[in-house]
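S.K.: final28.txt (compact mmCIF, C-alpha atoms and all ligand atoms) pasted underneath:
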```txt
# COMPACT_ATOMS: atom_id res chain seq x y z
CA MET Y 103 52.19 145.90 -67.88
CA ARG Y 104 53.79 144.25 -70.95
CA THR Y 105 55.13 140.77 -71.60
CA GLN Y 106 55.89 138.76 -74.72
CA VAL Y 107 53.41 135.88 -74.15
CA VAL Y 108 50.36 135.91 -71.87
CA ILE Y 109 49.32 132.42 -70.82
CA ILE Y 110 45.74 132.08 -69.58
CA GLY Y 111 45.59 129.09 -67.23
CA SER Y 112 47.98 127.62 -64.67
CA GLY Y 113 47.23 123.95 -65.32
CA PRO Y 114 49.71 121.54 -66.90
CA SER Y 115 49.45 123.21 -70.35
CA GLY Y 116 50.09 126.72 -69.11
CA LEU Y 117 52.83 125.76 -66.69
CA LEU Y 118 54.73 123.58 -69.17
CA LEU Y 119 54.53 126.24 -71.90
CA GLY Y 120 55.53 128.94 -69.44
CA GLN Y 121 58.61 127.02 -68.36
CA LEU Y 122 59.73 126.27 -71.91
CA LEU Y 123 59.35 129.98 -72.77
CA THR Y 124 61.19 131.10 -69.63
CA ASP Y 125 64.04 128.70 -70.37
CA ALA Y 126 64.24 130.15 -73.91
CA GLY Y 127 64.42 133.69 -72.53
CA ILE Y 128 60.92 134.58 -73.73
CA ASP Y 129 59.11 136.65 -71.12
CA ASN Y 130 55.68 135.32 -70.14
CA LEU Y 131 52.96 135.81 -67.56
CA ILE Y 132 50.45 133.17 -66.39
CA ILE Y 133 47.00 134.35 -65.27
CA ASP Y 134 44.55 132.02 -63.54
CA ARG Y 135 41.13 132.58 -62.07
CA VAL Y 136 41.72 130.44 -59.00
CA ASP Y 137 44.67 129.89 -56.72
CA ARG Y 138 47.42 127.31 -56.41
CA ASP Y 139 45.69 125.24 -53.74
CA TYR Y 140 42.44 125.03 -55.71
CA ILE Y 141 44.29 123.81 -58.79
CA LEU Y 142 46.22 121.24 -56.77
CA GLY Y 143 42.99 120.04 -55.15
CA ARG Y 144 41.66 118.67 -58.44
CA ILE Y 145 42.41 114.94 -58.81
CA ARG Y 146 42.86 114.12 -62.50
CA ALA Y 147 45.20 112.18 -64.72
CA GLY Y 148 47.64 109.50 -63.75
CA VAL Y 149 49.49 108.12 -66.80
CA LEU Y 150 52.28 110.03 -68.57
CA GLU Y 151 53.55 109.24 -72.07
CA ALA Y 152 57.28 109.37 -72.74
CA GLY Y 153 56.73 112.70 -74.53
CA MET Y 154 55.43 114.35 -71.36
CA VAL Y 155 58.21 112.73 -69.28
CA GLY Y 156 60.76 114.10 -71.74
CA LEU Y 157 59.35 117.63 -71.59
CA LEU Y 158 59.35 117.60 -67.78
CA ASP Y 159 63.00 116.53 -67.86
CA ARG Y 160 63.78 119.17 -70.50
CA VAL Y 161 62.46 121.98 -68.28
CA GLY Y 162 64.15 120.57 -65.18
CA ALA Y 163 60.94 119.60 -63.35
CA GLY Y 164 61.23 115.83 -63.58
CA LYS Y 165 63.28 114.98 -60.46
CA ARG Y 166 60.41 113.99 -58.13
CA MET Y 167 58.62 112.19 -60.97
CA HIS Y 168 61.65 109.91 -61.40
CA GLU Y 169 61.95 109.46 -57.63
CA GLN Y 170 58.27 108.76 -56.93
CA GLY Y 171 56.71 107.87 -60.28
CA LEU Y 172 56.07 104.25 -61.24
CA VAL Y 173 57.38 102.98 -64.58
CA HIS Y 174 54.84 100.56 -66.04
CA ASP Y 175 55.79 98.17 -68.85
CA GLY Y 176 52.23 96.99 -69.41
CA PHE Y 177 48.63 96.97 -68.27
CA ASP Y 178 45.90 94.34 -67.97
CA LEU Y 179 42.64 94.08 -69.82
CA SER Y 180 40.02 92.22 -67.78
CA PHE Y 181 37.04 90.60 -69.50
CA SER Y 182 34.92 87.43 -69.38
CA GLY Y 183 36.34 86.61 -65.94
CA ARG Y 184 39.97 86.64 -67.09
CA ARG Y 185 42.86 89.04 -67.63
CA HIS Y 186 45.25 89.61 -70.52
CA ARG Y 187 48.36 91.76 -70.21
CA ILE Y 188 49.22 94.25 -72.95
CA HIS Y 189 53.04 94.15 -72.94
CA LEU Y 190 53.77 97.79 -73.74
CA LYS Y 191 57.56 97.60 -73.42
CA ALA Y 192 57.91 94.27 -75.21
CA LEU Y 193 55.60 95.34 -78.05
CA THR Y 194 56.85 98.92 -78.54
CA GLY Y 195 60.11 99.29 -76.62
CA THR Y 196 58.48 102.04 -74.55
CA SER Y 197 56.95 102.22 -71.07
CA VAL Y 198 54.58 104.72 -69.45
CA MET Y 199 55.06 106.64 -66.20
CA VAL Y 200 52.34 106.54 -63.55
CA TYR Y 201 52.59 109.87 -61.70
CA GLY Y 202 49.56 111.94 -60.67
CA GLN Y 203 48.74 115.16 -62.50
CA THR Y 204 48.46 116.84 -59.12
CA GLU Y 205 52.13 116.11 -58.36
CA LEU Y 206 53.25 117.04 -61.88
CA THR Y 207 51.42 120.36 -61.54
CA ARG Y 208 52.96 120.96 -58.12
CA ASP Y 209 56.44 120.31 -59.53
CA LEU Y 210 55.89 122.74 -62.39
CA MET Y 211 54.46 125.40 -60.05
CA ASP Y 212 57.41 125.09 -57.66
CA HIS Y 213 59.92 125.18 -60.52
CA ARG Y 214 58.24 128.27 -61.98
CA VAL Y 215 58.71 130.10 -58.68
CA GLU Y 216 62.33 128.91 -58.43
CA THR Y 217 63.07 130.20 -61.95
CA GLY Y 218 61.41 133.57 -61.43
CA GLY Y 219 58.22 132.91 -63.40
CA ARG Y 220 55.26 135.22 -62.66
CA THR Y 221 51.73 133.92 -62.03
CA ILE Y 222 48.64 136.00 -61.24
CA TYR Y 223 46.11 133.90 -59.29
CA ASN Y 224 42.50 134.72 -58.42
CA ALA Y 225 42.10 136.90 -61.53
CA GLN Y 226 38.49 137.51 -62.53
CA ASN Y 227 37.02 138.16 -65.98
CA VAL Y 228 40.24 137.34 -67.78
CA THR Y 229 39.61 138.48 -71.35
CA PRO Y 230 41.78 138.30 -74.49
CA HIS Y 231 41.56 141.35 -76.78
CA ASP Y 232 42.71 142.40 -80.29
CA PHE Y 233 44.33 139.06 -81.05
CA ASP Y 234 43.31 139.52 -84.70
CA GLY Y 235 45.80 142.35 -84.91
CA SER Y 236 49.49 142.68 -84.01
CA ASN Y 237 48.95 144.27 -80.59
CA PRO Y 238 46.89 141.85 -78.52
CA TYR Y 239 46.29 142.36 -74.84
CA VAL Y 240 44.55 140.67 -71.93
CA THR Y 241 42.51 142.32 -69.19
CA TYR Y 242 41.58 140.94 -65.81
CA GLU Y 243 40.13 142.16 -62.54
CA ARG Y 244 41.69 141.61 -59.16
CA ASP Y 245 40.80 143.24 -55.84
CA GLY Y 246 38.37 145.48 -57.67
CA VAL Y 247 41.01 146.83 -60.04
CA THR Y 248 41.03 146.17 -63.79
CA HIS Y 249 44.48 145.36 -65.15
CA ARG Y 250 45.74 145.32 -68.76
CA VAL Y 251 48.67 143.25 -70.03
CA ASP Y 252 49.97 144.07 -73.50
CA CYS Y 253 51.74 141.24 -75.29
CA ASP Y 254 52.80 139.71 -78.60
CA TYR Y 255 50.88 136.42 -78.28
CA ILE Y 256 48.17 134.85 -76.07
CA ALA Y 257 48.16 131.12 -75.20
CA GLY Y 258 44.69 129.92 -74.19
CA CYS Y 259 45.59 127.18 -71.70
CA ASP Y 260 42.40 127.66 -69.70
CA GLY Y 261 40.72 124.31 -70.15
CA TYR Y 262 37.34 123.23 -71.45
CA HIS Y 263 35.37 125.90 -69.60
CA GLY Y 264 37.84 128.71 -70.15
CA ALA Y 265 37.60 132.19 -71.66
CA SER Y 266 39.87 131.61 -74.64
CA ARG Y 267 37.67 129.32 -76.74
CA ALA Y 268 34.66 131.41 -75.71
CA ALA Y 269 36.42 134.47 -77.15
CA VAL Y 270 36.60 132.89 -80.61
CA ALA Y 271 33.23 131.10 -80.63
CA ASP Y 272 31.91 133.53 -83.26
CA LYS Y 273 35.11 133.77 -85.28
CA GLY Y 274 34.68 130.69 -87.46
CA LEU Y 275 35.27 128.12 -84.74
CA GLN Y 276 34.11 124.61 -85.71
CA THR Y 277 33.47 122.10 -82.92
CA TYR Y 278 33.04 118.32 -83.01
CA GLU Y 279 31.57 116.54 -79.99
CA LYS Y 280 30.35 113.19 -78.72
CA VAL Y 281 28.91 113.00 -75.18
CA TYR Y 282 28.88 109.51 -73.63
CA PRO Y 283 25.80 108.31 -71.70
CA PHE Y 284 27.76 107.68 -68.50
CA GLY Y 285 30.46 109.09 -66.21
CA TRP Y 286 33.37 107.82 -64.12
CA LEU Y 287 32.99 107.69 -60.36
CA GLY Y 288 36.56 107.95 -59.08
CA ILE Y 289 37.93 107.29 -55.60
CA LEU Y 290 41.36 108.03 -54.13
CA SER Y 291 42.30 105.96 -51.09
CA ASP Y 292 45.47 105.36 -49.07
CA VAL Y 293 45.44 101.61 -49.62
CA PRO Y 294 47.99 99.54 -51.57
CA PRO Y 295 47.06 99.00 -55.23
CA VAL Y 296 45.44 95.64 -55.94
CA HIS Y 297 47.92 94.99 -58.79
CA HIS Y 298 51.35 96.36 -59.70
CA GLU Y 299 49.99 97.63 -63.04
CA LEU Y 300 46.69 99.13 -64.21
CA ILE Y 301 43.65 96.94 -64.88
CA TYR Y 302 41.02 98.13 -67.40
CA ALA Y 303 37.90 96.00 -66.87
CA ASN Y 304 35.03 95.31 -69.27
CA HIS Y 305 32.04 93.88 -67.41
CA ALA Y 306 28.31 93.51 -68.10
CA ARG Y 307 27.69 95.74 -65.04
CA GLY Y 308 29.96 98.43 -66.45
CA PHE Y 309 33.57 99.54 -66.85
CA ALA Y 310 36.05 99.64 -63.97
CA LEU Y 311 39.66 100.80 -63.74
CA CYS Y 312 42.26 99.93 -61.13
CA SER Y 313 44.96 102.61 -61.12
CA GLN Y 314 47.40 103.97 -58.57
CA ARG Y 315 49.47 106.94 -57.43
CA SER Y 316 52.10 105.16 -55.29
CA PRO Y 317 52.69 101.78 -53.55
CA THR Y 318 50.40 103.05 -50.77
CA ARG Y 319 47.83 105.14 -52.65
CA SER Y 320 45.27 103.76 -55.12
CA ARG Y 321 42.98 105.36 -57.67
CA TYR Y 322 39.90 103.40 -58.77
CA TYR Y 323 37.00 104.19 -61.09
CA VAL Y 324 33.64 102.62 -61.95
CA GLN Y 325 31.32 103.60 -64.80
CA VAL Y 326 28.10 105.13 -63.46
CA PRO Y 327 24.94 106.54 -65.10
CA LEU Y 328 25.06 110.27 -65.80
CA SER Y 329 22.11 110.66 -63.40
CA ASP Y 330 24.18 109.45 -60.43
CA LYS Y 331 25.34 111.93 -57.80
CA VAL Y 332 28.51 111.30 -55.81
CA GLU Y 333 26.52 111.69 -52.56
CA GLN Y 334 24.60 108.53 -53.50
CA TRP Y 335 27.77 106.47 -53.32
CA SER Y 336 29.07 105.42 -49.92
CA ASP Y 337 32.63 104.10 -49.82
CA ASP Y 338 31.30 100.61 -49.08
CA ALA Y 339 28.94 100.76 -52.07
CA PHE Y 340 31.85 101.80 -54.28
CA TRP Y 341 34.12 98.99 -53.11
CA ASP Y 342 31.35 96.40 -53.50
CA GLU Y 343 30.58 97.53 -57.05
CA LEU Y 344 34.24 97.68 -58.01
CA ARG Y 345 34.83 94.12 -56.83
CA ARG Y 346 31.76 92.86 -58.73
CA ARG Y 347 33.33 94.08 -61.97
CA LEU Y 348 36.72 92.40 -61.47
CA PRO Y 349 37.89 88.77 -61.79
CA ASP Y 350 37.56 86.80 -58.53
CA ASP Y 351 41.29 86.71 -57.79
CA VAL Y 352 41.52 90.49 -58.09
CA ALA Y 353 38.34 91.15 -56.11
CA GLN Y 354 39.56 88.92 -53.29
CA ALA Y 355 42.96 90.63 -53.18
CA MET Y 356 41.41 94.13 -53.04
CA VAL Y 357 42.41 96.19 -49.99
CA THR Y 358 39.70 98.73 -49.22
CA GLY Y 359 39.73 101.84 -47.08
CA PRO Y 360 38.20 105.29 -46.62
CA SER Y 361 38.11 107.64 -49.62
CA ILE Y 362 40.22 110.78 -49.45
CA GLU Y 363 38.62 112.04 -52.66
CA LYS Y 364 35.51 110.90 -54.49
CA SER Y 365 34.01 112.52 -57.60
CA ILE Y 366 32.12 111.84 -60.81
CA ALA Y 367 33.55 113.06 -64.13
CA PRO Y 368 31.41 113.10 -67.29
CA LEU Y 369 32.92 111.63 -70.46
CA ARG Y 370 33.03 113.43 -73.77
CA SER Y 371 35.04 113.58 -76.98
CA PHE Y 372 35.49 117.15 -78.17
CA VAL Y 373 37.65 118.98 -80.69
CA ALA Y 374 37.66 122.66 -81.65
CA GLU Y 375 39.06 123.71 -85.02
CA PRO Y 376 41.15 125.64 -85.79
CA LEU Y 377 43.38 126.10 -82.75
CA ARG Y 378 44.75 129.45 -83.87
CA PHE Y 379 43.03 132.79 -84.26
CA GLY Y 380 45.55 135.44 -85.19
CA ARG Y 381 47.78 135.78 -82.14
CA LEU Y 382 45.60 133.64 -79.86
CA PHE Y 383 46.26 129.90 -79.64
CA LEU Y 384 44.08 127.21 -78.01
CA VAL Y 385 46.14 124.66 -76.08
CA GLY Y 386 45.26 121.46 -74.18
CA ASP Y 387 41.73 121.09 -72.84
CA ALA Y 388 40.86 124.54 -74.19
CA GLY Y 389 40.99 122.93 -77.63
CA HIS Y 390 40.01 119.32 -77.05
CA ILE Y 391 38.71 116.76 -74.57
CA VAL Y 392 39.04 112.97 -74.65
CA PRO Y 393 37.33 110.34 -72.49
CA PRO Y 394 40.03 109.32 -69.96
CA THR Y 395 39.86 105.66 -71.05
CA GLY Y 396 42.97 106.05 -73.19
CA ALA Y 397 44.89 108.24 -70.69
CA LYS Y 398 45.40 110.84 -73.41
CA GLY Y 399 44.02 114.14 -72.06
CA LEU Y 400 47.05 115.37 -70.17
CA ASN Y 401 49.41 113.87 -72.74
CA LEU Y 402 47.75 115.70 -75.65
CA ALA Y 403 48.28 118.94 -73.74
CA ALA Y 404 52.00 118.12 -73.77
CA SER Y 405 52.20 117.73 -77.55
CA ASP Y 406 50.18 120.92 -78.12
CA VAL Y 407 52.62 122.77 -75.87
CA PHE Y 408 55.60 121.29 -77.71
CA TYR Y 409 54.28 122.40 -81.12
CA LEU Y 410 53.31 125.89 -79.94
CA PHE Y 411 56.57 126.47 -78.10
CA GLU Y 412 58.59 125.47 -81.18
CA GLY Y 413 56.55 127.95 -83.21
CA LEU Y 414 56.91 130.82 -80.74
CA ARG Y 415 60.63 130.16 -80.37
CA GLU Y 416 61.00 130.45 -84.16
CA CYS Y 417 59.10 133.74 -84.10
CA TYR Y 418 61.53 135.29 -81.69
CA ALA Y 419 64.77 133.53 -82.64
CA ASP Y 420 64.39 133.29 -86.42
CA LYS Y 421 61.79 135.97 -87.06
CA SER Y 422 59.78 133.26 -88.81
CA ASP Y 423 56.03 132.63 -88.47
CA ALA Y 424 56.28 129.19 -90.12
CA GLY Y 425 55.91 127.36 -86.79
CA ILE Y 426 52.90 129.26 -85.51
CA ASP Y 427 51.32 129.12 -88.97
CA ALA Y 428 51.63 125.32 -88.83
CA TYR Y 429 50.60 124.94 -85.17
CA SER Y 430 46.90 124.23 -85.61
CA ALA Y 431 47.21 121.66 -88.41
CA ARG Y 432 50.19 119.98 -86.75
CA ALA Y 433 48.49 119.71 -83.34
CA LEU Y 434 45.14 118.62 -84.78
CA ALA Y 435 46.77 115.79 -86.73
CA ARG Y 436 47.96 114.21 -83.46
CA ILE Y 437 44.82 115.23 -81.53
CA TRP Y 438 42.46 113.41 -83.88
CA LYS Y 439 44.51 110.19 -83.71
CA ALA Y 440 44.31 110.34 -79.90
CA GLU Y 441 40.60 111.15 -80.10
CA ARG Y 442 40.13 108.04 -82.22
CA PHE Y 443 42.06 105.83 -79.82
CA SER Y 444 40.28 107.22 -76.75
CA TRP Y 445 36.91 106.75 -78.45
CA SER Y 446 37.76 103.18 -79.49
CA MET Y 447 38.95 102.22 -75.98
CA THR Y 448 35.77 103.75 -74.52
CA MET Y 449 33.51 101.91 -76.98
CA LEU Y 450 35.35 98.64 -76.28
CA MET Y 451 35.39 98.80 -72.48
CA HIS Y 452 32.14 100.43 -71.38
CA ARG Y 453 28.60 99.10 -71.10
CA PHE Y 454 26.23 100.78 -73.55
CA PRO Y 455 22.70 99.96 -72.37
CA ASP Y 456 21.21 100.59 -75.82
CA GLU Y 457 23.51 97.97 -77.35
CA GLY Y 458 21.93 95.17 -75.23
CA GLU Y 459 23.43 91.70 -74.74
CA PHE Y 460 24.58 91.57 -78.36
CA GLY Y 461 26.78 94.60 -77.78
CA GLN Y 462 28.35 93.00 -74.72
CA LYS Y 463 29.08 89.80 -76.67
CA ILE Y 464 30.68 91.75 -79.50
CA GLN Y 465 32.95 93.57 -77.01
CA GLU Y 466 33.94 90.28 -75.41
CA ALA Y 467 34.65 88.80 -78.86
CA GLU Y 468 36.84 91.78 -79.76
CA LEU Y 469 38.74 91.45 -76.48
CA ALA Y 470 39.17 87.73 -77.05
CA TYR Y 471 40.52 88.45 -80.55
CA LEU Y 472 42.82 91.14 -79.14
CA SER Y 473 44.23 88.71 -76.58
CA SER Y 474 45.03 86.24 -79.38
CA SER Y 475 46.56 88.67 -81.91
CA GLU Y 476 49.98 90.20 -81.43
CA ALA Y 477 49.24 92.58 -84.30
CA ALA Y 478 46.12 93.88 -82.55
CA GLN Y 479 47.98 94.15 -79.24
CA ARG Y 480 50.81 96.06 -80.90
CA SER Y 481 48.32 98.52 -82.36
CA MET Y 482 46.74 99.11 -78.94
CA ALA Y 483 50.16 99.38 -77.31
CA GLU Y 484 51.59 101.94 -79.76
CA ASN Y 485 48.54 104.15 -79.30
CA TYR Y 486 48.57 103.79 -75.51
CA ILE Y 487 52.25 104.73 -75.10
CA GLY Y 488 51.58 107.74 -77.37
CA LEU Y 489 52.08 108.28 -81.09
CA PRO Y 490 55.15 110.31 -82.14
CA TYR Y 491 55.05 114.11 -81.89
P1 LIG S 1 43.25 122.37 -67.08
O1 LIG S 1 41.75 122.35 -67.10
O2 LIG S 1 43.99 121.38 -66.26
O3 LIG S 1 43.75 123.81 -66.57
C1 LIG S 1 43.10 124.98 -66.98
C2 LIG S 1 43.43 126.09 -66.01
O4 LIG S 1 42.83 127.30 -66.51
C3 LIG S 1 42.86 125.85 -64.61
O5 LIG S 1 43.84 126.08 -63.63
C4 LIG S 1 41.71 126.86 -64.51
O6 LIG S 1 41.57 127.39 -63.19
C5 LIG S 1 42.15 127.96 -65.46
N1 LIG S 1 41.03 128.70 -66.04
C6 LIG S 1 39.87 128.19 -66.52
N2 LIG S 1 39.08 129.18 -66.96
C7 LIG S 1 39.77 130.35 -66.76
C8 LIG S 1 39.48 131.71 -67.01
N3 LIG S 1 38.32 132.09 -67.56
N4 LIG S 1 40.41 132.63 -66.65
C9 LIG S 1 41.59 132.24 -66.09
N5 LIG S 1 41.93 130.98 -65.84
C10 LIG S 1 41.01 130.04 -66.17
N6 LIG S 1 43.25 113.11 -68.37
C11 LIG S 1 43.87 111.92 -68.36
O7 LIG S 1 44.79 111.70 -69.16
N7 LIG S 1 43.48 110.94 -67.45
C12 LIG S 1 42.48 111.16 -66.53
O8 LIG S 1 42.13 110.30 -65.75
C13 LIG S 1 41.81 112.40 -66.51
N8 LIG S 1 40.82 112.67 -65.59
C14 LIG S 1 40.18 113.89 -65.63
C15 LIG S 1 39.14 114.20 -64.72
C16 LIG S 1 38.49 115.44 -64.78
C17 LIG S 1 37.36 115.73 -63.79
C18 LIG S 1 38.85 116.38 -65.75
C19 LIG S 1 38.12 117.71 -65.84
C20 LIG S 1 39.89 116.09 -66.65
C21 LIG S 1 40.56 114.85 -66.58
N9 LIG S 1 41.60 114.54 -67.46
C22 LIG S 1 42.24 113.35 -67.47
C23 LIG S 1 42.03 115.47 -68.42
C24 LIG S 1 42.95 116.44 -67.71
O9 LIG S 1 44.00 115.74 -67.12
C25 LIG S 1 43.37 117.45 -68.74
O10 LIG S 1 43.77 116.83 -69.94
C26 LIG S 1 44.44 118.36 -68.23
O11 LIG S 1 44.02 118.93 -67.02
C27 LIG S 1 44.68 119.41 -69.32
O12 LIG S 1 45.42 120.42 -68.79
P2 LIG S 1 45.16 121.94 -69.19
O13 LIG S 1 44.99 122.02 -70.66
O14 LIG S 1 46.22 122.70 -68.50
O15 LIG S 1 43.71 122.30 -68.60
C1 LIG S 2 44.28 107.61 -63.36
O1 LIG S 2 45.15 107.03 -62.69
O2 LIG S 2 43.63 108.58 -62.91
C2 LIG S 2 43.98 107.11 -64.75
C3 LIG S 2 44.82 106.18 -65.32
C4 LIG S 2 44.55 105.73 -66.61
C5 LIG S 2 43.45 106.22 -67.29
C6 LIG S 2 42.60 107.17 -66.70
C7 LIG S 2 42.87 107.62 -65.41
O3 LIG S 2 43.17 105.78 -68.54
```
Re-express the file's structure as structure tokens.
Ligand code: FAS
Ligand code: PHB
M.R.:
Amino acid sequence: MRTQVVIIGSGPSGLLLGQLLTDAGIDNLIIDRVDRDYILGRIRAGVLEAGMVGLLDRVGAGKRMHEQGLVHDGFDLSFSGRRHRIHLKALTGTSVMVYGQTELTRDLMDHRVETGGRTIYNAQNVTPHDFDGSNPYVTYERDGVTHRVDCDYIAGCDGYHGASRAAVADKGLQTYEKVYPFGWLGILSDVPPVHHELIYANHARGFALCSQRSPTRSRYYVQVPLSDKVEQWSDDAFWDELRRRLPDDVAQAMVTGPSIEKSIAPLRSFVAEPLRFGRLFLVGDAGHIVPPTGAKGLNLAASDVFYLFEGLRECYADKSDAGIDAYSARALARIWKAERFSWSMTMLMHRFPDEGEFGQKIQEAELAYLSSSEAAQRSMAENYIGLPY
């Protein structure tokens, strides 16, 4: 089999890139190791920057997002028993869209089928080959048969644990990492959100986040020790701990209910450099990870895809490699700014046991300063809505 671009991974990165390529008349094939239902069963991100919204509209997969998504003009910071709203729209002129990654992925999958895109699911041992040369190819096994796909370029959109970054680990890859001493215990429940916007809570007991998926479906998180197992947490224990970390008015207004999903995600900051190795490119989580505190993970995947697509389009349309030559540096410039913001939000909002009471007081002082300084709020707002591509 031959195609122009093989995309490894059918998550948001792979699907968005695949659709942009299809729309530009560039043949592509997506290969994933699991199937559609497994991918859609993973509950992940919830906040979309305008850049991601614009790309979904550009590829014609934004209809349901506009029908069901929630436009948010701000979010609350909760600390020292009070709340302060960060007025995103008033401070930057831009809002964010609250629309679950699961639904965004579903929309892109459905649109890919409607537009004739090809996806191979349940492919084992997907392996990129000869990407240092001009005739790369990818092999995979399925139903006991080994398949080979020859191509011009390979996009590694296979996430943090994928095969793409592993294939270049000994080819001069440099990695930068910070692992945080806690995780996020997340719950999805069909109860109305406690507030019409998100609430990020700093509390001596630990961080909490009130998010949502719709007017009838809520997404909540509490910081937990890395040693915790999700089985240790009953729904009641979760709700009790969440309410302890919120201001009284919010805790009293909280509507609780049974969890329809409950999981613990570890937090890390991670960047791989460079993001290009010959004709193989690392995209999205394959190249970087951010703690979800800044809602940047999914949105960084969008800007990577934008830069890589522009480069590949130039290769085919203008016979120019300028765009793919610039991809890594261009993407990393935006990635590191998002890594910084996600790190700073995580350091500001979470409890670090080693920092003691002094650390908690410093965080509360910084939040009190932030709530009194329009300049500081504008800085937080412009990073949260997403820096320019
Ligand atoms: P993905 O990991 O989404 O997709 C990679 C795809 O590649 C998967 O379908 C996988 O099956 C496939 N794959 C992997 N290895 C393969 C192989 N060897 N061969 C073939 N296919 C392979 N971001 C936020 O902004 N907010 C959040 O709250 C948030 N929560 C998260 C919670 C968790 C538990 C995780 C893991 C991530 C979270 N993220 C969050 C980040 C997340 O949304 C990512 O940024 C987003 O999924 C990135 O998309 P992709 O780059 O497509 O990678
Ligand atoms: C979510 O709704 O899952 C969510 C929202 C904002 C974040 C992280 C996660 O910063």
S.K.: List the neighbours of Y:Ala306 out to 8 Å using only C-alpha atoms; skip same-chain residues closer than 5 positions along the sequence, and give me the result as an NGL selection string.
M.R.: :Y and (347 or 453 or 462)
S.K.: Kindly compile the residues surrounding ligand LIG 2 (chain S) within 6 Å, counting all atoms listed in the file, and format them as a CSV table (one decimal) with C-alpha atoms, in the frame of the given file.
M.R.:
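Final output, selection.csv:
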```csv
chain,number,residue,atom,x,y,z
Y,146,ARG,CA,42.9,114.1,-62.5
Y,147,ALA,CA,45.2,112.2,-64.7
Y,148,GLY,CA,47.6,109.5,-63.8
Y,149,VAL,CA,49.5,108.1,-66.8
Y,313,SER,CA,45.0,102.6,-61.1
Y,314,GLN,CA,47.4,104.0,-58.6
Y,321,ARG,CA,43.0,105.4,-57.7
Y,394,PRO,CA,40.0,109.3,-70.0
Y,395,THR,CA,39.9,105.7,-71.0
Y,396,GLY,CA,43.0,106.0,-73.2
Y,397,ALA,CA,44.9,108.2,-70.7
```
S.K.: When you count only C-alpha atoms, which of these residues is closest to Y:His213: Y:Asp139, Y:Glu333, Y:Glu457, Y:Asp159?
M.R.: Y:Asp159
S.K.: Can you pull out every residue within 12 Å of Y:Thr277, counting only C-alpha atoms, but drop anything in the same chain fewer than 6 positions away, and send it as a PyMOL selection string?
M.R.: chain Y and resi 267-268+270-271+371-377+388-391
S.K.: When the cut-off is 8 Å and you count all atoms listed in the file, which residues lie near ligand LIG 1 (chain S), shown as a short mmCIF file (atom, residue, chain, number, x, y, z; two decimals) with C-alpha atoms, keeping the file's coordinate frame?
M.R.:
```cif
data_model
loop_
_atom_site.label_atom_id
_atom_site.label_comp_id
_atom_site.auth_asym_id
_atom_site.auth_seq_id
_atom_site.Cartn_x
_atom_site.Cartn_y
_atom_site.Cartn_z
CA ILE Y 110 45.74 132.08 -69.58
CA GLY Y 111 45.59 129.09 -67.23
CA SER Y 112 47.98 127.62 -64.67
CA GLY Y 113 47.23 123.95 -65.32
CA PRO Y 114 49.71 121.54 -66.90
CA SER Y 115 49.45 123.21 -70.35
CA GLY Y 116 50.09 126.72 -69.11
CA LEU Y 117 52.83 125.76 -66.69
CA ILE Y 133 47.00 134.35 -65.27
CA ASP Y 134 44.55 132.02 -63.54
CA ARG Y 135 41.13 132.58 -62.07
CA VAL Y 136 41.72 130.44 -59.00
CA ASP Y 137 44.67 129.89 -56.72
CA TYR Y 140 42.44 125.03 -55.71
CA ILE Y 141 44.29 123.81 -58.79
CA ARG Y 144 41.66 118.67 -58.44
CA ILE Y 145 42.41 114.94 -58.81
CA ARG Y 146 42.86 114.12 -62.50
CA ALA Y 147 45.20 112.18 -64.72
CA GLY Y 148 47.64 109.50 -63.75
CA VAL Y 149 49.49 108.12 -66.80
CA LEU Y 150 52.28 110.03 -68.57
CA GLN Y 203 48.74 115.16 -62.50
CA ALA Y 225 42.10 136.90 -61.53
CA GLN Y 226 38.49 137.51 -62.53
CA ASN Y 227 37.02 138.16 -65.98
CA VAL Y 228 40.24 137.34 -67.78
CA THR Y 229 39.61 138.48 -71.35
CA CYS Y 259 45.59 127.18 -71.70
CA ASP Y 260 42.40 127.66 -69.70
CA GLY Y 261 40.72 124.31 -70.15
CA TYR Y 262 37.34 123.23 -71.45
CA HIS Y 263 35.37 125.90 -69.60
CA GLY Y 264 37.84 128.71 -70.15
CA ALA Y 265 37.60 132.19 -71.66
CA SER Y 266 39.87 131.61 -74.64
CA SER Y 365 34.01 112.52 -57.60
CA ILE Y 366 32.12 111.84 -60.81
CA ALA Y 367 33.55 113.06 -64.13
CA PRO Y 368 31.41 113.10 -67.29
CA VAL Y 385 46.14 124.66 -76.08
CA GLY Y 386 45.26 121.46 -74.18
CA ASP Y 387 41.73 121.09 -72.84
CA ALA Y 388 40.86 124.54 -74.19
CA ILE Y 391 38.71 116.76 -74.57
CA VAL Y 392 39.04 112.97 -74.65
CA PRO Y 393 37.33 110.34 -72.49
CA PRO Y 394 40.03 109.32 -69.96
CA THR Y 395 39.86 105.66 -71.05
CA GLY Y 396 42.97 106.05 -73.19
CA ALA Y 397 44.89 108.24 -70.69
CA LYS Y 398 45.40 110.84 -73.41
CA GLY Y 399 44.02 114.14 -72.06
CA LEU Y 400 47.05 115.37 -70.17
CA ASN Y 401 49.41 113.87 -72.74
CA LEU Y 402 47.75 115.70 -75.65
CA ALA Y 403 48.28 118.94 -73.74
#
```
S.K.: What's the separation between atom CA of Y:Glu216 and atom CA of Y:Glu363, in Å to one decimal place?
M.R.: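 Computing the Euclidean distance for atom CA of Y:Glu216 and atom CA of Y:Glu363 yields 29.7 Å.
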